[in-house]
Amino acid sequence: MGSKESKPDDEQHLLGDTDDEITVLFDKIKIVLIGCQKAGKNKIGNAILGKNAFTYRNTRKEHYLKDDNTIFGRRITLIRVPGWSRDLSSDDIKQIKIQQVIKDSVKSFKDGPHAILLVVKRNTTLTETTRDTLEKLLGSNVSEHMLVFSIDGAKISFATMIDHCAERRQTTIDRCKKRYHLFRRCMCGKQNMELIEIIEDFIMKKKAIHFYSIGKEQPKPELQVEQLATLVNKLKQRISDLSEYISKLQSHNQTETSKLRRTIELKNEEIRNLQAVLRLKEEALREMREATERLRSNQSTTEMSALHGRITQLENEGREREKELQKMLEENEQKTAEIRTLKEENQELKDILSVQERKRRQIPRRMTIKGTEAESFELYVLPSTGAEFVDSNRKELIKRVVSVDPILDELHEFIGNDKYLQIRLAKTNPDKMRELYTILDGAGQMLKTEFYKSLLKHEKYLLEDLTS
């Protein structure tokens with residue numbers, strides 16, 4: 001994990017020579033670094049990345065800078081935001097721009113950063129207005145994901161946001177190693193490693209591994225369970241690696257020295273701390289899984305209920321549309337009947353108008369016709385042909401001719417036996433007349449003239465009525 005050359009013999013790292021053997025809790029760490037001007041953001045950022053990434057010249061910009069490095073087995077990505085002057089809540093145009101850059105920098109991480117590091121000037125406490133502004137920009141829970149750093153002379157100290165605001169910062173390593181730490185300003189490899197482990201320890205103990213700011217879509221519960229389960233597994237592996245390392249120390253060192261005892265004590269203390277965190281994370285993982293299962297069950301029930309509701313809605317809509325369709329069909333039939341009646345009335349009016357028009361133009365002549373019983377009668381005969389009379393009086397002749405059979409007998413020789421029998425099969429006189437007209441329409445003027453002559457003979461009174 002760390003470089004052996006960077007650690008002198010009298011100042012061995014807590015993990016001794018096991019840097020490559022101990023499981024790393026987070027392979028990737030994403031950090032946003034913010035703070036006021038001239039507070040030491042560059043020094044903190046360079047110490048975390050283990051390189052001279054940020055200088056005075058390249059940080060005098062109005063946008064954030066992003067850099068990364070793989071150090072001690074971890075891929076660290078760090079965003080450094082320009083500093084603000086005086087109070088972040090100021091309405092100054094530069095402050096407003098910095099506020100937007102802070103929001104953009106946090107949202108630039110797809111899954112959200114693991115931690116936000118706030119650097120303040122020495123012997124100062126973050127103002128309440130600046131804290132309120134940060135909560136307004138990023139969310140009310142931002143304090144849970146924020147570490148506060150300050151450089152005091154030759155030392156670097158840190159605290160959680162909550163403890164910093166409560167002014168509970170300490171001044172010595174022994175009194176504050178759970179929440180605070182002090183470093184020499186000139187960072188060496190050992191202290192770089194300690195700084196990264198402090199940040200990693202802070203991330204490990206947080207309730208949520210990633211920070212999601214206002215407007216950022218929250219991860220699905222399944223993803224949160226997966227992330228927490230990964231951390232639990234790595235905690236177990238790290239505890240196992242440390243236990244194995246203690247066993248190796250005891251077996252490879254026959255003589256127990258104060259340095260060996262101190263190393264073993266530190267490892268056992270780290271194991272106890274990890275075990276305490278592991279118990280909390282396992283309980284949180286169990287609760288999260290139960291909550292996810294309840295959510296999935298409720299969601300399934302809700303979806304099924306919604307599906308049943310949708311089915312019922314569709315059935316009701318189907319019935320309503322069926323009623324509407326039936327009503328439309330009935331109305332359509334009614335309209336069709338009305339149209340048919342209107343057409344018939346229109347045709348009758350046309351027929352009457354046609355007859356009247358012909359009568360207006362006709363010049364009647366008087367003739368005497370002898371009947372079948374040797375009696376004569378007088379009839380006004382139109383100068384038009386009999387075929388025209390048959391066509392123009394079709395409807396009335398079909399309806400009113402009674403002597404159909406005698407007429408058919410006279411037309412037998414003209415229509416033939418088959419058509420004669422076909423007409424005779426009709427049940428009523430109107431039906432027989434319709435069949436006869438069908439034949440007349442296809443036979444031509446001569447047959448209609450013969451039919452007209454037969455009408456004069458057998459339906460004289462009807463013709464008188466039609467021509468009067």
# chains A, B, ... in the order shown; residues from 1 in each chain; ligands from 1
>>> residues_around(residues="segment 274-286 of chain A", least_positions_apart="6", cutoff="12 Å", atoms="only C-alpha atoms", output="ChimeraX atom specification")
/A:25,201-209,221-243,267-268,292-293
>>> residues_around(residues="Val120 of chain A", least_positions_apart="6", cutoff="7 Å", atoms="only C-alpha atoms", output="list in words")
Gly35, Cys36, Ala39, Phe149 and Ser150 of chain A
>>> write_last_selection(atoms="all heavy atoms", output="mmCIF file, in the first residue's frame")
data_model
loop_
_atom_site.group_PDB
_atom_site.id
_atom_site.type_symbol
_atom_site.label_atom_id
_atom_site.label_comp_id
_atom_site.auth_asym_id
_atom_site.auth_seq_id
_atom_site.Cartn_x
_atom_site.Cartn_y
_atom_site.Cartn_z
ATOM 1 N N GLY A 35 -13.087 25.537 -0.115
ATOM 2 C CA GLY A 35 -12.624 26.336 1.021
ATOM 3 C C GLY A 35 -12.404 27.775 0.628
ATOM 4 O O GLY A 35 -12.489 28.154 -0.542
ATOM 5 N N CYS A 36 -12.103 28.584 1.628
ATOM 6 C CA CYS A 36 -11.869 30.006 1.379
ATOM 7 C C CYS A 36 -10.483 30.212 0.783
ATOM 8 O O CYS A 36 -9.655 29.294 0.755
ATOM 9 C CB CYS A 36 -12.040 30.797 2.674
ATOM 10 S SG CYS A 36 -10.943 30.259 3.990
ATOM 11 N N ALA A 39 -6.348 29.347 2.264
ATOM 12 C CA ALA A 39 -6.503 28.489 3.450
ATOM 13 C C ALA A 39 -5.621 27.257 3.370
ATOM 14 O O ALA A 39 -5.432 26.559 4.381
ATOM 15 C CB ALA A 39 -7.966 28.064 3.588
ATOM 16 N N PHE A 149 -10.692 20.762 7.263
ATOM 17 C CA PHE A 149 -9.242 20.780 7.480
ATOM 18 C C PHE A 149 -8.784 22.216 7.704
ATOM 19 O O PHE A 149 -9.381 23.169 7.198
ATOM 20 C CB PHE A 149 -8.508 20.213 6.260
ATOM 21 C CG PHE A 149 -8.561 18.719 6.157
ATOM 22 C CD1 PHE A 149 -9.664 18.092 5.609
ATOM 23 C CD2 PHE A 149 -7.502 17.951 6.610
ATOM 24 C CE1 PHE A 149 -9.711 16.719 5.507
ATOM 25 C CE2 PHE A 149 -7.553 16.570 6.510
ATOM 26 C CZ PHE A 149 -8.650 15.944 5.962
ATOM 27 N N SER A 150 -7.684 22.342 8.459
ATOM 28 C CA SER A 150 -7.034 23.650 8.614
ATOM 29 C C SER A 150 -5.545 23.422 8.832
ATOM 30 O O SER A 150 -5.122 22.382 9.341
ATOM 31 C CB SER A 150 -7.639 24.433 9.785
ATOM 32 O OG SER A 150 -7.378 23.761 11.002
#
>>> atom_distance(atom1="atom CA of Ile96 of chain A", atom2="atom CA of Glu217 of chain A")
24.1 Å
>>> atom_distance(atom1="atom CA of Ser90 of chain A", atom2="atom CA of Ile34 of chain A")
16.3 Å
>>> residues_around(residues="Asp68 of chain A", least_positions_apart="3", cutoff="8 Å", atoms="only C-alpha atoms", output="VMD selection string")
chain A and resid 49 75 to 78
>>> write_last_selection(atoms="N, CA, C and O atoms", output="mmCIF file, in the first residue's frame")
data_model
loop_
_atom_site.group_PDB
_atom_site.id
_atom_site.type_symbol
_atom_site.label_atom_id
_atom_site.label_comp_id
_atom_site.auth_asym_id
_atom_site.auth_seq_id
_atom_site.Cartn_x
_atom_site.Cartn_y
_atom_site.Cartn_z
ATOM 1 N N LEU A 49 -3.123 13.473 -3.209
ATOM 2 C CA LEU A 49 -2.766 12.845 -4.480
ATOM 3 C C LEU A 49 -1.320 12.359 -4.511
ATOM 4 O O LEU A 49 -0.952 11.563 -5.385
ATOM 5 N N ARG A 75 -7.276 4.394 -6.374
ATOM 6 C CA ARG A 75 -7.372 5.370 -7.454
ATOM 7 C C ARG A 75 -8.156 6.568 -6.913
ATOM 8 O O ARG A 75 -9.376 6.496 -6.724
ATOM 9 N N ILE A 76 -7.440 7.676 -6.670
ATOM 10 C CA ILE A 76 -8.057 8.839 -6.055
ATOM 11 C C ILE A 76 -8.279 9.903 -7.124
ATOM 12 O O ILE A 76 -7.358 10.292 -7.843
ATOM 13 N N THR A 77 -9.507 10.370 -7.225
ATOM 14 C CA THR A 77 -9.864 11.469 -8.120
ATOM 15 C C THR A 77 -10.286 12.654 -7.252
ATOM 16 O O THR A 77 -11.165 12.523 -6.401
ATOM 17 N N LEU A 78 -9.650 13.811 -7.481
ATOM 18 C CA LEU A 78 -9.893 14.970 -6.622
ATOM 19 C C LEU A 78 -10.216 16.190 -7.480
ATOM 20 O O LEU A 78 -9.528 16.477 -8.458
#
>>> residues_around(residues="Asp441 of chain A", least_positions_apart="4", cutoff="12 Å", atoms="only C-alpha atoms", output="PyMOL selection string")
chain A and resi 387-388+390-391+394+434-437+445-448+451
>>> write_last_selection(atoms="N, CA and C atoms", output="JSON list (two decimals), in the first residue's frame")
[["chain", "number", "residue", "atom", "x", "y", "z"],
["A", 387, "ALA", "N", -95.61, 2.13, -74.68],
["A", 387, "ALA", "CA", -94.40, 1.83, -73.90],
["A", 387, "ALA", "C", -94.10, 2.95, -72.91],
["A", 388, "GLU", "N", -94.29, 4.22, -73.32],
["A", 388, "GLU", "CA", -94.04, 5.33, -72.42],
["A", 388, "GLU", "C", -95.02, 5.31, -71.26],
["A", 390, "VAL", "N", -96.46, 2.66, -69.97],
["A", 390, "VAL", "CA", -96.06, 1.54, -69.09],
["A", 390, "VAL", "C", -94.89, 1.96, -68.19],
["A", 391, "ASP", "N", -93.92, 2.70, -68.76],
["A", 391, "ASP", "CA", -92.75, 3.11, -67.97],
["A", 391, "ASP", "C", -93.12, 4.17, -66.94],
["A", 394, "ARG", "N", -95.25, 2.81, -63.81],
["A", 394, "ARG", "CA", -94.77, 1.54, -63.26],
["A", 394, "ARG", "C", -95.26, 1.29, -61.84],
["A", 434, "ARG", "N", -93.99, -7.24, -60.64],
["A", 434, "ARG", "CA", -92.55, -6.91, -60.56],
["A", 434, "ARG", "C", -91.75, -7.84, -61.46],
["A", 435, "GLU", "N", -92.08, -9.17, -61.42],
["A", 435, "GLU", "CA", -91.40, -10.12, -62.29],
["A", 435, "GLU", "C", -91.64, -9.77, -63.76],
["A", 436, "LEU", "N", -92.89, -9.38, -64.07],
["A", 436, "LEU", "CA", -93.22, -9.03, -65.46],
["A", 436, "LEU", "C", -92.44, -7.79, -65.90],
["A", 437, "TYR", "N", -92.34, -6.79, -65.02],
["A", 437, "TYR", "CA", -91.59, -5.59, -65.39],
["A", 437, "TYR", "C", -90.11, -5.89, -65.61],
["A", 445, "GLN", "N", -89.36, -2.10, -76.59],
["A", 445, "GLN", "CA", -90.60, -1.32, -76.74],
["A", 445, "GLN", "C", -91.79, -2.16, -77.22],
["A", 446, "MET", "N", -91.55, -3.12, -78.05],
["A", 446, "MET", "CA", -92.66, -3.89, -78.65],
["A", 446, "MET", "C", -93.44, -4.65, -77.59],
["A", 447, "LEU", "N", -92.75, -5.30, -76.65],
["A", 447, "LEU", "CA", -93.43, -6.09, -75.61],
["A", 447, "LEU", "C", -94.20, -5.14, -74.68],
["A", 448, "LYS", "N", -93.61, -3.97, -74.38],
["A", 448, "LYS", "CA", -94.34, -3.01, -73.55],
["A", 448, "LYS", "C", -95.60, -2.52, -74.25],
["A", 451, "PHE", "N", -98.14, -5.20, -73.85],
["A", 451, "PHE", "CA", -98.64, -5.17, -72.48],
["A", 451, "PHE", "C", -99.64, -4.04, -72.30]]
>>> residues_around(residues="Leu134 of chain A", least_positions_apart="6", cutoff="12 Å", atoms="only C-alpha atoms", output="list in words")
Ile34, Gly35, Asp87, Leu88, Ser89, Ile98, Gln99, Gln100, Ile102, Lys103, Val106, Ile116, Leu118, Leu126, Thr127, Glu128, Ser140, Asn141, Val142, Ser143, His145, Met146, Met161, Ser213 and Ile214 of chain A
>>> residues_around(residues="Leu455 of chain A", least_positions_apart="2", cutoff="10 Å", atoms="only C-alpha atoms", output="MDAnalysis selection string")
chainID A and resid 386 390 397 401 403:404 406:407 449:453 457:463
>>> closest_residue(among="A:Ser392, A:Gln191, A:Ser251, A:Gln218", to="Ser354 of chain A", atoms="only C-alpha atoms")
A:Ser392
>>> residues_around(residues="Phe109 of chain A", least_positions_apart="5", cutoff="10 Å", atoms="only C-alpha atoms", output="list in words")
Lys30, Ile31, Val32, Thr77, Ile79, Asp104, His114, His210, Phe211 and Tyr212 of chain A
>>> write_last_selection(atoms="C-alpha atoms", output="PDB file, in the first residue's frame")
ATOM      1  CA  LYS A  30     -13.733  10.566  -5.246  1.00  0.00           C
ATOM      2  CA  ILE A  31     -13.209  13.836  -3.386  1.00  0.00           C
ATOM      3  CA  VAL A  32     -14.308  17.472  -3.797  1.00  0.00           C
ATOM      4  CA  THR A  77      -9.864  11.469  -8.120  1.00  0.00           C
ATOM      5  CA  ILE A  79     -11.659  18.145  -7.759  1.00  0.00           C
ATOM      6  CA  ASP A 104     -21.201  21.666 -10.716  1.00  0.00           C
ATOM      7  CA  HIS A 114     -17.307   9.945  -1.362  1.00  0.00           C
ATOM      8  CA  HIS A 210     -21.702   8.417  -1.635  1.00  0.00           C
ATOM      9  CA  PHE A 211     -23.089  11.936  -1.339  1.00  0.00           C
ATOM     10  CA  TYR A 212     -25.997  12.885  -3.614  1.00  0.00           C
TER      11      TYR A 212
END
>>> atom_distance(atom1="atom CA of Leu440 of chain A", atom2="atom CA of Leu411 of chain A")
10.7 Å
>>> decode(residues="segment 172-292 of chain A", atoms="C-alpha atoms", output="compact mmCIF listing (two decimals), in the first residue's frame")
# COMPACT_ATOMS: atom_id res chain seq x y z
CA THR A 172 -2.84 16.73 20.37
CA ILE A 173 -2.80 13.37 18.60
CA ASP A 174 -3.53 11.31 21.71
CA ARG A 175 -6.64 13.30 22.64
CA CYS A 176 -8.17 13.31 19.18
CA LYS A 177 -7.10 10.29 17.13
CA LYS A 178 -10.73 9.15 16.63
CA ARG A 179 -11.90 12.31 14.91
CA TYR A 180 -8.89 14.57 14.45
CA HIS A 181 -5.28 14.32 13.48
CA LEU A 182 -2.26 16.60 13.34
CA PHE A 183 0.44 16.38 10.68
CA ARG A 184 3.72 18.08 10.07
CA ARG A 185 3.23 20.56 7.26
CA CYS A 186 5.93 18.85 5.19
CA MET A 187 4.13 15.64 4.23
CA CYS A 188 6.16 12.47 3.84
CA GLY A 189 5.01 9.09 2.44
CA LYS A 190 3.93 7.82 5.88
CA GLN A 191 1.81 10.89 6.55
CA ASN A 192 0.33 10.82 3.05
CA MET A 193 -0.83 7.32 3.83
CA GLU A 194 -2.26 8.36 7.19
CA LEU A 195 -4.14 11.25 5.56
CA ILE A 196 -5.71 8.92 2.99
CA GLU A 197 -6.61 6.36 5.68
CA ILE A 198 -8.28 9.12 7.73
CA ILE A 199 -10.46 10.02 4.75
CA GLU A 200 -11.13 6.32 4.06
CA ASP A 201 -12.07 5.77 7.73
CA PHE A 202 -14.49 8.73 7.52
CA ILE A 203 -16.11 7.31 4.37
CA MET A 204 -16.36 3.85 5.94
CA LYS A 205 -18.20 5.11 9.02
CA LYS A 206 -20.70 7.31 7.16
CA LYS A 207 -24.28 6.13 6.86
CA ALA A 208 -24.19 6.56 3.08
CA ILE A 209 -21.02 5.84 1.10
CA HIS A 210 -21.70 8.42 -1.64
CA PHE A 211 -23.09 11.94 -1.34
CA TYR A 212 -26.00 12.88 -3.61
CA SER A 213 -26.63 16.61 -3.80
CA ILE A 214 -29.92 18.42 -4.48
CA GLY A 215 -31.24 17.59 -7.92
CA LYS A 216 -29.08 14.47 -8.24
CA GLU A 217 -31.07 11.32 -8.86
CA GLN A 218 -30.85 9.03 -5.84
CA PRO A 219 -29.44 5.53 -6.47
CA LYS A 220 -31.80 2.59 -6.61
CA PRO A 221 -32.12 0.63 -3.32
CA GLU A 222 -30.59 -2.43 -5.00
CA LEU A 223 -27.43 -0.44 -5.82
CA GLN A 224 -27.14 0.85 -2.24
CA VAL A 225 -27.45 -2.73 -0.94
CA GLU A 226 -24.76 -3.87 -3.38
CA GLN A 227 -22.36 -1.08 -2.32
CA LEU A 228 -22.89 -1.77 1.38
CA ALA A 229 -22.51 -5.53 0.89
CA THR A 230 -19.18 -4.91 -0.90
CA LEU A 231 -17.96 -2.79 2.02
CA VAL A 232 -19.00 -5.47 4.54
CA ASN A 233 -17.10 -8.14 2.61
CA LYS A 234 -13.99 -5.96 2.44
CA LEU A 235 -14.19 -5.22 6.16
CA LYS A 236 -14.26 -8.95 6.87
CA GLN A 237 -11.31 -9.53 4.54
CA ARG A 238 -9.32 -6.67 6.09
CA ILE A 239 -9.91 -8.05 9.60
CA SER A 240 -8.79 -11.47 8.38
CA ASP A 241 -5.68 -9.99 6.75
CA LEU A 242 -4.74 -8.14 9.95
CA SER A 243 -5.24 -11.26 12.09
CA GLU A 244 -3.04 -13.25 9.72
CA TYR A 245 -0.42 -10.53 9.82
CA ILE A 246 -0.33 -10.63 13.66
CA SER A 247 0.17 -14.38 13.52
CA LYS A 248 3.07 -13.94 11.10
CA LEU A 249 4.66 -11.31 13.35
CA GLN A 250 4.48 -13.60 16.37
CA SER A 251 5.85 -16.61 14.49
CA HIS A 252 8.70 -14.77 12.74
CA ASN A 253 9.90 -12.83 15.80
CA GLN A 254 11.10 -15.17 18.55
CA THR A 255 12.12 -12.31 20.85
CA GLU A 256 9.34 -9.96 21.91
CA THR A 257 10.42 -6.32 21.86
CA SER A 258 8.63 -3.14 22.84
CA LYS A 259 8.33 -2.25 19.16
CA LEU A 260 6.72 -5.63 18.38
CA ARG A 261 4.32 -5.33 21.32
CA ARG A 262 3.36 -1.83 20.19
CA THR A 263 2.78 -3.00 16.62
CA ILE A 264 0.60 -5.92 17.77
CA GLU A 265 -1.36 -3.64 20.10
CA LEU A 266 -2.03 -1.23 17.23
CA LYS A 267 -3.15 -4.08 14.96
CA ASN A 268 -5.47 -5.50 17.61
CA GLU A 269 -6.91 -2.04 18.23
CA GLU A 270 -7.50 -1.62 14.49
CA ILE A 271 -9.19 -5.02 14.37
CA ARG A 272 -11.48 -4.09 17.27
CA ASN A 273 -12.40 -0.81 15.57
CA LEU A 274 -13.08 -2.60 12.29
CA GLN A 275 -15.17 -5.24 14.06
CA ALA A 276 -17.28 -2.52 15.69
CA VAL A 277 -17.83 -0.86 12.33
CA LEU A 278 -18.55 -4.25 10.76
CA ARG A 279 -21.32 -4.96 13.27
CA LEU A 280 -22.94 -1.62 12.50
CA LYS A 281 -22.64 -2.12 8.75
CA GLU A 282 -24.01 -5.67 8.90
CA GLU A 283 -27.01 -4.42 10.87
CA ALA A 284 -27.48 -1.56 8.39
CA LEU A 285 -27.19 -4.04 5.50
CA ARG A 286 -29.80 -6.32 7.07
CA GLU A 287 -32.20 -3.41 7.60
CA MET A 288 -31.57 -2.12 4.07
CA ARG A 289 -32.25 -5.55 2.56
CA GLU A 290 -35.47 -5.88 4.54
CA ALA A 291 -36.53 -2.39 3.51
CA THR A 292 -35.70 -3.16 -0.13
